[in-house]
>>> print(open('target-v3.cif').read())   # mmCIF, C-alpha atoms and all ligand atoms
data_work
#
loop_
_atom_site.label_atom_id
_atom_site.label_comp_id
_atom_site.auth_asym_id
_atom_site.auth_seq_id
_atom_site.Cartn_x
_atom_site.Cartn_y
_atom_site.Cartn_z
CA MET A 90 6.03 14.59 6.03
CA THR A 91 5.34 10.84 5.70
CA ASN A 92 5.78 10.21 9.44
CA GLN A 93 3.51 13.07 10.31
CA LEU A 94 0.84 11.80 7.96
CA ASN A 95 0.97 8.29 9.35
CA GLN A 96 0.45 9.78 12.75
CA THR A 97 -2.62 11.69 11.56
CA GLU A 98 -4.20 8.63 9.93
CA ALA A 99 -5.23 7.37 13.35
CA TYR A 100 -7.16 10.56 14.02
CA SER A 101 -8.86 10.75 10.68
CA LYS A 102 -10.23 7.23 11.05
CA ILE A 103 -12.11 7.98 14.27
CA ASP A 104 -15.12 9.06 12.27
CA ILE A 105 -15.17 9.02 8.50
CA SER A 106 -17.00 12.32 8.25
CA THR A 107 -15.42 14.27 11.12
CA ILE A 108 -11.86 15.36 10.53
CA LEU A 109 -10.10 16.09 13.78
CA PRO A 110 -6.80 17.90 14.35
CA PRO A 111 -3.98 17.20 13.69
CA SER A 112 -5.25 15.82 10.38
CA THR A 113 -3.88 17.37 7.21
CA ILE A 114 -6.08 19.60 5.08
CA GLY A 115 -5.20 20.00 1.40
CA ILE A 116 -6.08 23.35 -0.16
CA LEU A 117 -6.34 23.63 -3.92
CA GLY A 118 -5.08 27.12 -4.65
CA GLY A 119 -2.59 29.18 -2.67
CA GLY A 120 -3.91 32.74 -2.86
CA GLN A 121 -5.09 34.96 -0.03
CA LEU A 122 -8.24 32.96 0.63
CA GLY A 123 -6.16 29.79 1.04
CA ARG A 124 -3.75 31.68 3.29
CA MET A 125 -6.49 32.97 5.61
CA MET A 126 -8.15 29.52 5.68
CA ALA A 127 -4.78 27.97 6.55
CA LEU A 128 -4.12 30.46 9.35
CA LYS A 129 -7.41 29.56 11.04
CA ALA A 130 -6.94 25.85 10.41
CA ARG A 131 -3.53 26.02 12.06
CA GLU A 132 -5.02 27.71 15.12
CA LEU A 133 -7.32 24.71 15.37
CA GLY A 134 -4.32 22.37 15.16
CA TYR A 135 -4.58 21.11 11.56
CA ARG A 136 -1.71 20.72 9.17
CA ILE A 137 -1.91 22.26 5.70
CA ILE A 138 -0.65 21.34 2.26
CA THR A 139 -1.44 23.78 -0.54
CA LEU A 140 -1.31 23.06 -4.26
CA ASP A 141 -0.40 26.08 -6.36
CA PRO A 142 1.80 26.65 -9.42
CA THR A 143 3.45 29.77 -7.99
CA GLU A 144 6.40 29.54 -5.65
CA ASP A 145 6.09 31.94 -2.71
CA CYS A 146 2.28 32.16 -3.15
CA PRO A 147 0.40 33.74 -0.19
CA CYS A 148 -0.65 30.37 1.30
CA SER A 149 2.85 28.90 1.05
CA HIS A 150 4.05 31.21 3.86
CA VAL A 151 1.69 29.64 6.37
CA ALA A 152 1.27 26.05 5.05
CA ASP A 153 3.31 23.04 6.18
CA ALA A 154 4.10 22.24 2.57
CA GLN A 155 3.30 23.22 -1.00
CA ILE A 156 2.86 21.02 -4.04
CA LEU A 157 4.10 23.09 -6.96
CA ALA A 158 1.72 22.17 -9.77
CA GLU A 159 -0.82 23.69 -12.10
CA TYR A 160 -4.44 23.42 -10.93
CA ASN A 161 -5.30 21.18 -13.89
CA ASP A 162 -2.27 18.90 -13.42
CA LEU A 163 -3.59 15.43 -12.59
CA GLU A 164 -0.20 14.29 -11.23
CA GLY A 165 -0.22 17.19 -8.79
CA ALA A 166 -3.77 16.40 -7.72
CA LYS A 167 -2.77 12.76 -7.18
CA GLN A 168 0.11 13.80 -4.94
CA LEU A 169 -2.21 16.04 -2.94
CA ALA A 170 -4.80 13.28 -2.56
CA GLN A 171 -2.14 10.88 -1.26
CA GLN A 172 -0.78 13.26 1.35
CA VAL A 173 -3.88 14.74 2.99
CA ASP A 174 -6.93 13.60 4.97
CA VAL A 175 -9.41 16.04 3.47
CA ILE A 176 -9.39 18.44 0.54
CA THR A 177 -10.95 21.86 0.05
CA TYR A 178 -10.42 24.64 -2.47
CA GLU A 179 -10.18 28.41 -2.57
CA PHE A 180 -11.38 29.03 -6.14
CA GLU A 181 -13.94 27.63 -8.55
CA ASN A 182 -11.99 26.79 -11.70
CA ILE A 183 -11.32 23.13 -10.94
CA GLY A 184 -11.65 20.76 -13.89
CA ALA A 185 -14.09 17.85 -13.78
CA ASN A 186 -11.28 15.28 -14.17
CA ILE A 187 -9.35 16.70 -11.21
CA ALA A 188 -12.48 16.84 -9.04
CA ALA A 189 -13.43 13.27 -10.01
CA HIS A 190 -9.98 12.04 -9.03
CA LEU A 191 -10.02 13.89 -5.72
CA GLU A 192 -13.49 12.55 -4.89
CA ALA A 193 -12.44 8.99 -5.70
CA GLU A 194 -8.97 8.97 -4.15
CA SER A 195 -9.35 11.34 -1.24
CA PHE A 196 -12.08 13.03 0.79
CA LEU A 197 -13.74 16.08 -0.82
CA PRO A 198 -16.68 16.71 1.51
CA GLN A 199 -17.83 19.72 -0.53
CA GLY A 200 -18.31 17.41 -3.51
CA TYR A 201 -18.32 18.58 -7.12
CA ASP A 202 -21.99 19.20 -7.81
CA LEU A 203 -22.29 22.76 -6.47
CA LEU A 204 -18.84 23.67 -7.77
CA TYR A 205 -19.93 22.50 -11.24
CA LYS A 206 -23.06 24.65 -11.04
CA THR A 207 -21.21 27.79 -10.00
CA GLN A 208 -18.57 27.37 -12.71
CA ASN A 209 -21.06 28.42 -15.35
CA ARG A 210 -23.48 31.37 -15.09
CA LEU A 211 -26.21 29.60 -17.02
CA ARG A 212 -26.13 26.49 -14.83
CA GLU A 213 -25.85 28.70 -11.76
CA LYS A 214 -28.93 30.77 -12.62
CA ARG A 215 -30.98 27.67 -13.36
CA ALA A 216 -29.91 26.13 -10.05
CA ILE A 217 -30.87 29.30 -8.14
CA GLU A 218 -34.29 29.33 -9.80
CA GLU A 219 -34.84 25.62 -9.08
CA ALA A 220 -34.00 26.31 -5.42
CA GLY A 221 -36.65 29.04 -5.31
CA GLY A 222 -34.42 32.13 -5.71
CA LYS A 223 -34.90 34.95 -8.22
CA VAL A 224 -32.31 36.15 -10.72
CA ALA A 225 -32.22 39.03 -13.21
CA PRO A 226 -33.99 38.09 -16.47
CA TYR A 227 -31.42 36.44 -18.75
CA LEU A 228 -31.04 34.71 -22.11
CA PRO A 229 -28.36 32.35 -23.44
CA ILE A 230 -26.62 34.04 -26.40
CA LEU A 231 -25.33 31.61 -28.99
CA SER A 232 -25.15 33.87 -32.04
CA PRO A 233 -24.90 37.58 -32.94
CA ASP A 234 -28.57 37.39 -33.93
CA ASP A 235 -29.52 36.13 -30.44
CA LEU A 236 -27.93 39.31 -29.10
CA VAL A 237 -30.07 41.52 -31.35
CA GLN A 238 -33.20 39.65 -30.22
CA GLY A 239 -32.10 39.77 -26.57
CA VAL A 240 -31.56 43.52 -26.59
CA LYS A 241 -34.97 43.96 -28.26
CA GLN A 242 -36.52 42.01 -25.40
CA PHE A 243 -34.64 43.64 -22.48
CA GLY A 244 -33.93 47.12 -23.87
CA TYR A 245 -30.82 49.17 -22.99
CA PRO A 246 -28.76 48.93 -20.89
CA ALA A 247 -28.19 45.18 -20.83
CA VAL A 248 -25.13 43.21 -19.75
CA LEU A 249 -23.39 40.63 -21.91
CA LYS A 250 -21.41 38.18 -19.77
CA THR A 251 -19.26 35.14 -20.49
CA THR A 252 -20.80 32.04 -18.95
CA GLU A 253 -17.42 30.92 -17.60
CA GLY A 254 -14.25 32.39 -16.21
CA GLY A 255 -15.30 36.04 -15.62
CA TYR A 256 -14.61 37.79 -12.33
CA ASP A 257 -14.46 41.37 -11.00
CA GLY A 258 -16.39 42.53 -14.06
CA LYS A 259 -13.95 40.86 -16.50
CA GLY A 260 -15.64 39.09 -19.41
CA GLN A 261 -18.53 41.56 -19.40
CA LEU A 262 -19.81 44.24 -21.70
CA VAL A 263 -22.52 46.71 -20.76
CA LEU A 264 -24.57 47.54 -23.84
CA ARG A 265 -25.83 51.09 -23.23
CA GLN A 266 -27.00 52.01 -26.73
CA GLU A 267 -27.40 50.60 -30.20
CA GLU A 268 -23.83 51.61 -31.13
CA ASP A 269 -22.50 49.10 -28.56
CA LEU A 270 -24.26 46.23 -30.30
CA LYS A 271 -21.47 45.76 -32.88
CA GLU A 272 -18.84 45.26 -30.16
CA GLY A 273 -21.10 42.75 -28.43
CA GLN A 274 -21.77 40.87 -31.65
CA ALA A 275 -18.04 40.70 -32.39
CA LEU A 276 -17.44 39.15 -28.96
CA VAL A 277 -20.15 36.56 -29.51
CA GLN A 278 -18.91 35.89 -33.05
CA SER A 279 -15.34 35.26 -31.85
CA GLY A 280 -16.60 31.88 -30.67
CA ASN A 281 -14.10 31.51 -27.81
CA THR A 282 -16.73 31.08 -25.16
CA GLU A 283 -20.47 31.05 -24.46
CA TRP A 284 -22.40 34.13 -23.41
CA ILE A 285 -25.54 35.22 -21.64
CA LEU A 286 -27.36 38.53 -21.78
CA GLU A 287 -28.82 39.96 -18.57
CA LYS A 288 -31.41 42.63 -18.20
CA TRP A 289 -30.04 45.65 -16.36
CA VAL A 290 -31.13 45.66 -12.73
CA PRO A 291 -31.53 49.17 -11.30
CA PHE A 292 -30.62 47.92 -7.84
CA ALA A 293 -30.78 50.05 -4.69
CA LYS A 294 -27.88 48.20 -3.08
CA GLU A 295 -25.58 45.25 -3.60
CA ILE A 296 -25.54 42.94 -0.60
CA SER A 297 -24.12 39.50 0.15
CA VAL A 298 -24.60 36.71 2.63
CA ILE A 299 -22.12 33.99 3.53
CA VAL A 300 -23.80 30.83 4.67
CA ALA A 301 -22.19 27.71 6.11
CA ARG A 302 -23.45 24.15 6.36
CA ASN A 303 -21.68 21.07 7.68
CA ALA A 304 -22.25 17.47 6.63
CA GLY A 305 -24.40 16.97 9.72
CA GLY A 306 -26.85 19.53 8.30
CA GLU A 307 -26.21 22.41 10.71
CA VAL A 308 -26.65 25.73 8.84
CA LYS A 309 -25.69 29.29 9.86
CA ALA A 310 -25.75 32.53 7.86
CA PHE A 311 -23.48 35.46 8.70
CA PRO A 312 -24.91 38.98 8.96
CA VAL A 313 -25.68 40.64 5.62
CA SER A 314 -22.90 42.76 4.15
CA GLU A 315 -23.61 45.88 2.07
CA ASN A 316 -21.04 45.99 -0.71
CA ILE A 317 -19.72 48.94 -2.66
CA HIS A 318 -17.67 48.29 -5.80
CA GLN A 319 -15.34 50.61 -7.67
CA ASP A 320 -14.37 49.65 -11.23
CA ASN A 321 -16.23 46.36 -10.61
CA ILE A 322 -13.83 45.43 -7.79
CA LEU A 323 -15.14 45.19 -4.24
CA HIS A 324 -14.16 48.38 -2.41
CA LEU A 325 -16.11 48.31 0.87
CA SER A 326 -18.18 45.84 2.87
CA ILE A 327 -20.38 47.62 5.40
CA VAL A 328 -21.86 45.62 8.26
CA PRO A 329 -24.55 45.91 9.49
CA ALA A 330 -25.85 46.67 6.01
CA ARG A 331 -27.91 49.87 5.91
CA ILE A 332 -31.12 48.02 5.09
CA ASP A 333 -34.43 47.31 6.86
CA LEU A 334 -34.52 44.47 9.35
CA ASP A 335 -37.10 42.56 7.31
CA VAL A 336 -34.82 42.72 4.23
CA GLU A 337 -31.88 41.50 6.36
CA GLN A 338 -34.02 38.56 7.51
CA LYS A 339 -35.24 37.84 3.99
CA ALA A 340 -31.65 37.78 2.65
CA ASN A 341 -30.55 35.46 5.45
CA GLN A 342 -33.49 33.14 4.91
CA LEU A 343 -32.81 33.02 1.19
CA ALA A 344 -29.18 32.07 1.87
CA ILE A 345 -30.26 29.28 4.23
CA GLN A 346 -32.85 28.05 1.73
CA LEU A 347 -30.20 27.87 -1.02
CA ALA A 348 -27.69 26.14 1.28
CA GLN A 349 -30.22 23.49 2.22
CA SER A 350 -31.47 23.00 -1.28
CA PHE A 351 -27.91 22.51 -2.61
CA HIS A 352 -26.98 20.20 0.32
CA LEU A 353 -24.10 22.58 0.83
CA VAL A 354 -21.02 21.47 2.72
CA GLY A 355 -18.60 24.31 3.45
CA LEU A 356 -19.31 27.96 2.70
CA LEU A 357 -21.44 29.56 0.04
CA ALA A 358 -21.06 33.29 -0.64
CA ILE A 359 -24.19 34.69 -2.27
CA GLU A 360 -24.05 38.12 -3.94
CA MET A 361 -27.45 39.74 -4.29
CA PHE A 362 -29.07 42.81 -5.83
CA LEU A 363 -31.56 44.53 -3.53
CA LEU A 364 -34.20 46.35 -5.56
CA GLU A 365 -36.01 49.54 -4.48
CA ASP A 366 -39.21 47.56 -3.86
CA GLY A 367 -37.42 45.17 -1.48
CA GLN A 368 -37.14 42.27 -3.94
CA ILE A 369 -33.87 40.35 -3.89
CA TYR A 370 -32.20 38.90 -6.99
CA VAL A 371 -29.23 36.58 -6.65
CA ASN A 372 -26.39 37.85 -8.85
CA GLU A 373 -23.79 35.15 -8.34
CA MET A 374 -22.53 32.54 -5.90
CA ALA A 375 -19.12 31.21 -4.87
CA PRO A 376 -18.77 27.97 -2.84
CA ARG A 377 -15.87 29.28 -0.74
CA PRO A 378 -14.85 32.15 1.53
CA HIS A 379 -15.40 35.50 -0.18
CA ASN A 380 -13.91 38.99 -0.11
CA SER A 381 -17.22 40.37 1.18
CA GLY A 382 -16.89 38.08 4.23
CA HIS A 383 -13.49 39.38 5.37
CA TYR A 384 -15.25 41.69 7.83
CA THR A 385 -16.09 38.60 9.93
CA GLN A 386 -12.42 38.33 11.01
CA GLN A 387 -12.97 41.15 13.50
CA GLY A 388 -16.70 41.77 13.25
CA CYS A 389 -18.05 38.35 14.23
CA ARG A 390 -17.37 35.87 16.98
CA THR A 391 -16.34 33.36 14.31
CA SER A 392 -14.60 34.33 11.06
CA GLN A 393 -15.71 32.98 7.70
CA PHE A 394 -12.36 31.15 7.46
CA GLU A 395 -12.80 29.29 10.73
CA GLN A 396 -16.40 28.54 9.76
CA HIS A 397 -15.26 27.10 6.44
CA ILE A 398 -12.77 24.78 8.15
CA ARG A 399 -15.40 23.77 10.72
CA ALA A 400 -17.97 23.02 8.03
CA VAL A 401 -15.58 21.03 5.83
CA CYS A 402 -14.27 19.05 8.82
CA ASN A 403 -17.83 18.50 10.11
CA LEU A 404 -17.22 20.25 13.42
CA PRO A 405 -20.08 22.19 15.04
CA LEU A 406 -20.40 25.60 13.39
CA GLY A 407 -19.20 28.68 15.27
CA ASP A 408 -21.38 31.52 16.53
CA VAL A 409 -21.98 34.11 13.78
CA GLU A 410 -23.05 36.98 16.04
CA LEU A 411 -21.89 40.45 14.96
CA LEU A 412 -19.81 41.85 17.81
CA GLN A 413 -19.57 45.42 16.53
CA PRO A 414 -20.19 47.48 13.40
CA THR A 415 -17.33 46.79 10.99
CA VAL A 416 -16.33 48.14 7.60
CA MET A 417 -13.86 46.27 5.41
CA VAL A 418 -11.93 48.26 2.82
CA ASN A 419 -9.76 46.54 0.23
CA ILE A 420 -6.10 47.44 -0.10
CA LEU A 421 -5.32 47.26 -3.82
CA GLY A 422 -1.84 47.66 -5.30
CA GLN A 423 -2.18 51.46 -5.52
CA HIS A 424 -3.22 51.67 -1.83
CA LEU A 425 -0.44 49.60 -0.33
CA GLU A 426 2.27 52.25 -0.07
CA PRO A 427 -0.02 54.86 1.58
CA VAL A 428 -1.30 52.21 4.02
CA LEU A 429 2.26 51.24 4.97
CA GLN A 430 3.18 54.92 5.42
CA GLN A 431 0.34 55.35 7.92
CA MET A 432 0.59 51.95 9.56
CA SER A 433 2.49 53.09 12.63
CA GLN A 434 -0.15 55.74 13.42
CA LEU A 435 -3.24 53.71 12.66
CA ASP A 436 -6.05 53.77 15.19
CA PRO A 437 -6.05 50.40 17.06
CA THR A 438 -9.59 49.74 15.83
CA CYS A 439 -8.20 49.50 12.26
CA LYS A 440 -6.92 45.96 11.75
CA VAL A 441 -4.53 45.44 8.87
CA HIS A 442 -4.49 42.17 6.91
CA LEU A 443 -1.81 41.84 4.23
CA TYR A 444 -1.46 38.83 1.97
CA GLY A 445 2.33 38.75 1.53
CA LYS A 446 2.22 39.34 -2.25
CA LYS A 447 5.45 40.82 -3.57
CA GLU A 448 4.24 42.86 -6.53
CA ALA A 449 1.76 45.61 -5.84
CA GLN A 450 0.23 45.98 -9.29
CA LYS A 451 -2.64 48.39 -9.84
CA ASN A 452 -5.99 46.88 -8.79
CA ARG A 453 -4.35 43.69 -7.44
CA LYS A 454 -5.79 42.70 -4.07
CA MET A 455 -2.88 43.08 -1.62
CA GLY A 456 -4.78 43.11 1.65
CA HIS A 457 -7.66 44.73 3.51
CA LEU A 458 -8.44 46.80 6.57
CA ASN A 459 -11.22 45.92 8.99
CA VAL A 460 -12.32 49.05 10.77
CA MET A 461 -14.55 48.86 13.84
CA ALA A 462 -16.58 51.61 15.48
CA GLU A 463 -19.79 52.34 17.38
CA SER A 464 -21.57 52.75 14.04
CA VAL A 465 -20.76 52.09 10.38
CA GLU A 466 -20.92 55.86 9.74
CA GLU A 467 -18.08 56.36 12.22
CA ALA A 468 -16.09 53.51 10.71
CA LEU A 469 -16.54 55.06 7.25
CA LYS A 470 -15.34 58.43 8.62
CA LYS A 471 -12.19 56.77 10.00
CA ILE A 472 -11.44 55.31 6.59
CA ASP A 473 -12.16 58.63 4.87
CA ALA A 474 -9.78 60.39 7.28
CA LEU A 475 -6.88 58.27 6.02
CA HIS A 476 -7.25 59.98 2.59
CA ILE A 477 -6.20 56.80 0.80
CA TRP A 478 -9.46 55.80 -0.86
CA ASN A 479 -12.08 57.57 -2.90
CA MET A 480 -15.10 57.46 -0.55
CA GLU A 481 -17.52 59.49 -2.70
CA ASP A 482 -19.97 56.62 -3.22
CA THR A 483 -20.37 55.49 0.39
CA LYS A 484 -23.50 57.47 1.16
CA SER A 485 -26.40 55.17 2.02
P1 LIG B 501 -20.66 40.17 -11.70
O1 LIG B 501 -19.32 39.77 -12.21
O2 LIG B 501 -21.79 39.45 -12.34
O3 LIG B 501 -20.73 40.15 -10.20
O4 LIG B 501 -20.84 41.72 -12.09
C1 LIG B 501 -19.94 42.73 -11.63
C2 LIG B 501 -20.73 43.95 -11.24
O5 LIG B 501 -21.44 44.47 -12.37
C3 LIG B 501 -21.82 43.69 -10.18
O6 LIG B 501 -21.27 43.74 -8.89
C4 LIG B 501 -22.79 44.84 -10.47
O7 LIG B 501 -22.35 46.04 -9.88
C5 LIG B 501 -22.71 44.99 -11.98
N1 LIG B 501 -23.77 44.18 -12.65
C6 LIG B 501 -23.64 42.90 -13.03
N2 LIG B 501 -24.79 42.46 -13.59
C7 LIG B 501 -25.66 43.48 -13.54
C8 LIG B 501 -27.02 43.64 -13.95
N3 LIG B 501 -27.70 42.67 -14.55
N4 LIG B 501 -27.61 44.84 -13.70
C9 LIG B 501 -26.91 45.85 -13.10
N5 LIG B 501 -25.64 45.76 -12.72
C10 LIG B 501 -25.00 44.60 -12.92
#
>>> encode(input="target-v3.cif", output="structure tokens")
Amino acid sequence: MTNQLNQTEAYSKIDISTILPPSTIGILGGGQLGRMMALKARELGYRIITLDPTEDCPCSHVADAQILAEYNDLEGAKQLAQQVDVITYEFENIGANIAAHLEAESFLPQGYDLLYKTQNRLREKRAIEEAGGKVAPYLPILSPDDLVQGVKQFGYPAVLKTTEGGYDGKGQLVLRQEEDLKEGQALVQSGNTEWILEKWVPFAKEISVIVARNAGGEVKAFPVSENIHQDNILHLSIVPARIDLDVEQKANQLAIQLAQSFHLVGLLAIEMFLLEDGQIYVNEMAPRPHNSGHYTQQGCRTSQFEQHIRAVCNLPLGDVELLQPTVMVNILGQHLEPVLQQMSQLDPTCKVHLYGKKEAQKNRKMGHLNVMAESVEEALKKIDALHIWNMEDTKS
């Protein structure tokens, strides 16, 4: 490895902000997002070192090397910093001390500022508002009494969320009636974490936009995805979203406005609620590739993973044009066996992506299918015809 890295040093010094192949990219985290980033980076000629505590993690199969360490292990981060030319990450939970070290000792073009904001729902909402975006009305909840006052203000239902660490609906409680208040108060009282209360948003659709910006300031937003969740886990991304053109443009402009305001480098995935009256609220953001952007792998001229690598390495951004209607459906643990059984007869317009995870537990993301057709309705019919997923809630 040492010889290879010495060889790459010459390339990385051509321009401090542009990282050319065959430089080495370090990826913090070795899950499926790291794996798909690494696959695209390798196509471009980069080398990859991933840091992840799990042997045989999805990214390890496609990386040049893995540093086996916990994400908060400073020694591991130091090793990574020494061995790579540039560092990126595939998840948000990176401690301030690790980020500070990586910024000082290596090259972290995405910086820590936006990551820090998105690590905490309260900071995130304030940042969105400062950048000119709207969010659902919310209140910080510091005590059981705050919760009583909050529910009085917002009415039922309202959503109690942890400020940190929640994902796929975990760390959330929907308060539907007064009887739920006790459970909410007990959570707040437990004192393990901080909470916010959000007013319920009777949204018409959930949509998301992935936007990319490189250090040179070039910005591009991918087509809007319409997202359908089941049990709070993303089930389908439907592109083009079944929304009016002016809403599509408004969502794209909002994404670009946020990217510019945050001086984004890399990708930012922005999940939004579209209201009946056409208003858009930002629900949450992730400064990395996102499950709702997997459709780009077949749907767009450039995938979100290639775009991420381009943005982080300060290469010109790729074309984000949608080539054909595409629906992405997630393969969770319970779907894997039926998908494998049908794999040899799958229509060639159904592209299978599997993450190489050994244990197919219920609701664990094991892979996804990207299904292309003349229209999203046809793509949805193809998925329905496989009889693997519950497609009841796909009507527009
Ligand atoms: P989150 O983890 O914040 O993305 O929430 C998970 C899911 O819960 C979202 O995708 C929505 O379907 C739903 N949800 C979250 N917050 C609200 C809200 N304030 N009003 C209505 N639905 C919500």
>>> closest_residue(input="target-v3.cif", among="A:Arg377, A:Lys470, A:Arg453, A:Lys446", to="Glu144 in chain A", atoms="only C-alpha atoms")
A:Lys446
>>> closest_residue(input="target-v3.cif", among="A:Glu267, A:Glu365, A:Glu181, A:Glu410", to="Tyr245 in chain A", atoms="all atoms listed in the file")
A:Glu267
>>> closest_residue(input="target-v3.cif", among="A:His150, A:Leu458, A:Glu194, A:Pro378", to="Met432 in chain A", atoms="all atoms listed in the file")
A:Leu458
>>> residues_near_point(input="target-v3.cif", point="(-12.4, 24.0, -0.6)", cutoff="10 Å", atoms="all atoms listed in the file", output="compact mmCIF listing (two decimals) with C-alpha atoms, in the coordinates of the input")
# COMPACT_ATOMS: atom_id res chain seq x y z
CA ILE A 114 -6.08 19.60 5.08
CA GLY A 115 -5.20 20.00 1.40
CA ILE A 116 -6.08 23.35 -0.16
CA LEU A 117 -6.34 23.63 -3.92
CA GLY A 118 -5.08 27.12 -4.65
CA LEU A 122 -8.24 32.96 0.63
CA GLY A 123 -6.16 29.79 1.04
CA MET A 126 -8.15 29.52 5.68
CA VAL A 175 -9.41 16.04 3.47
CA ILE A 176 -9.39 18.44 0.54
CA THR A 177 -10.95 21.86 0.05
CA TYR A 178 -10.42 24.64 -2.47
CA GLU A 179 -10.18 28.41 -2.57
CA PHE A 180 -11.38 29.03 -6.14
CA GLU A 181 -13.94 27.63 -8.55
CA LEU A 197 -13.74 16.08 -0.82
CA PRO A 198 -16.68 16.71 1.51
CA GLN A 199 -17.83 19.72 -0.53
CA GLY A 200 -18.31 17.41 -3.51
CA LEU A 204 -18.84 23.67 -7.77
CA VAL A 354 -21.02 21.47 2.72
CA GLY A 355 -18.60 24.31 3.45
CA LEU A 356 -19.31 27.96 2.70
CA PRO A 376 -18.77 27.97 -2.84
CA ARG A 377 -15.87 29.28 -0.74
CA PRO A 378 -14.85 32.15 1.53
CA HIS A 397 -15.26 27.10 6.44
CA ILE A 398 -12.77 24.78 8.15
CA VAL A 401 -15.58 21.03 5.83
>>> residues_around(input="target-v3.cif", residues="Ile322 in chain A", least_positions_apart="5", cutoff="10 Å", atoms="only C-alpha atoms", output="ChimeraX atom specification")
/A:256-259,317,419,421,452-454
>>> closest_residue(input="target-v3.cif", among="A:Met417, A:Leu435, A:Leu231, A:Leu249", to="ligand LIG 501 (chain B)", atoms="all atoms listed in the file")
A:Leu249
>>> residues_near_ligand(input="target-v3.cif", ligand="ligand LIG 501 (chain B)", cutoff="10 Å", atoms="all atoms listed in the file", output="mmCIF file with C-alpha atoms, in the coordinates of the input")
data_model
loop_
_atom_site.group_PDB
_atom_site.id
_atom_site.type_symbol
_atom_site.label_atom_id
_atom_site.label_comp_id
_atom_site.auth_asym_id
_atom_site.auth_seq_id
_atom_site.Cartn_x
_atom_site.Cartn_y
_atom_site.Cartn_z
ATOM 1 C CA ARG A 210 -23.480 31.370 -15.090
ATOM 2 C CA VAL A 224 -32.310 36.150 -10.720
ATOM 3 C CA ALA A 225 -32.220 39.030 -13.210
ATOM 4 C CA PRO A 226 -33.990 38.090 -16.470
ATOM 5 C CA TYR A 227 -31.420 36.440 -18.750
ATOM 6 C CA PRO A 246 -28.760 48.930 -20.890
ATOM 7 C CA ALA A 247 -28.190 45.180 -20.830
ATOM 8 C CA VAL A 248 -25.130 43.210 -19.750
ATOM 9 C CA LEU A 249 -23.390 40.630 -21.910
ATOM 10 C CA LYS A 250 -21.410 38.180 -19.770
ATOM 11 C CA THR A 251 -19.260 35.140 -20.490
ATOM 12 C CA THR A 252 -20.800 32.040 -18.950
ATOM 13 C CA GLY A 254 -14.250 32.390 -16.210
ATOM 14 C CA GLY A 255 -15.300 36.040 -15.620
ATOM 15 C CA TYR A 256 -14.610 37.790 -12.330
ATOM 16 C CA ASP A 257 -14.460 41.370 -11.000
ATOM 17 C CA GLY A 258 -16.390 42.530 -14.060
ATOM 18 C CA LYS A 259 -13.950 40.860 -16.500
ATOM 19 C CA GLY A 260 -15.640 39.090 -19.410
ATOM 20 C CA GLN A 261 -18.530 41.560 -19.400
ATOM 21 C CA LEU A 262 -19.810 44.240 -21.700
ATOM 22 C CA VAL A 263 -22.520 46.710 -20.760
ATOM 23 C CA LEU A 286 -27.360 38.530 -21.780
ATOM 24 C CA GLU A 287 -28.820 39.960 -18.570
ATOM 25 C CA LYS A 288 -31.410 42.630 -18.200
ATOM 26 C CA TRP A 289 -30.040 45.650 -16.360
ATOM 27 C CA VAL A 290 -31.130 45.660 -12.730
ATOM 28 C CA PRO A 291 -31.530 49.170 -11.300
ATOM 29 C CA PHE A 292 -30.620 47.920 -7.840
ATOM 30 C CA LYS A 294 -27.880 48.200 -3.080
ATOM 31 C CA GLU A 295 -25.580 45.250 -3.600
ATOM 32 C CA ILE A 296 -25.540 42.940 -0.600
ATOM 33 C CA ASN A 316 -21.040 45.990 -0.710
ATOM 34 C CA ILE A 317 -19.720 48.940 -2.660
ATOM 35 C CA HIS A 318 -17.670 48.290 -5.800
ATOM 36 C CA GLN A 319 -15.340 50.610 -7.670
ATOM 37 C CA ASP A 320 -14.370 49.650 -11.230
ATOM 38 C CA ASN A 321 -16.230 46.360 -10.610
ATOM 39 C CA ILE A 322 -13.830 45.430 -7.790
ATOM 40 C CA LEU A 323 -15.140 45.190 -4.240
ATOM 41 C CA GLU A 360 -24.050 38.120 -3.940
ATOM 42 C CA MET A 361 -27.450 39.740 -4.290
ATOM 43 C CA PHE A 362 -29.070 42.810 -5.830
ATOM 44 C CA TYR A 370 -32.200 38.900 -6.990
ATOM 45 C CA VAL A 371 -29.230 36.580 -6.650
ATOM 46 C CA ASN A 372 -26.390 37.850 -8.850
ATOM 47 C CA GLU A 373 -23.790 35.150 -8.340
ATOM 48 C CA MET A 374 -22.530 32.540 -5.900
#
>>> atom_distance(input="target-v3.cif", atom1="CA of Asn459 in chain A", atom2="CA of Val416 in chain A")
5.7 Å
>>> closest_residue(input="target-v3.cif", among="A:Gly456, A:Leu169, A:Ile183, A:Ala216", to="Ser195 in chain A", atoms="all atoms listed in the file")
A:Leu169
>>> residues_around(input="target-v3.cif", residues="Gln349 in chain A", least_positions_apart="2", cutoff="12 Å", atoms="only C-alpha atoms", output="list in words")
Leu203, Ile217, Ala220, Gly221, Val300, Ala301, Arg302, Asn303, Ala304, Gly305, Gly306, Glu307, Val308, Lys309, Ala310, Gln342, Leu343, Ala344, Ile345, Gln346, Leu347, Phe351, His352, Leu353, Val354, Gly355, Leu356 and Leu357 of chain A
>>> atom_distance(input="target-v3.cif", atom1="CA of Glu337 in chain A", atom2="CA of Pro312 in chain A")
7.9 Å
>>> closest_residue(input="target-v3.cif", among="A:Ile187, A:Cys148, A:Ile285, A:Ala462", to="Asp235 in chain A", atoms="all atoms listed in the file")
A:Ile285
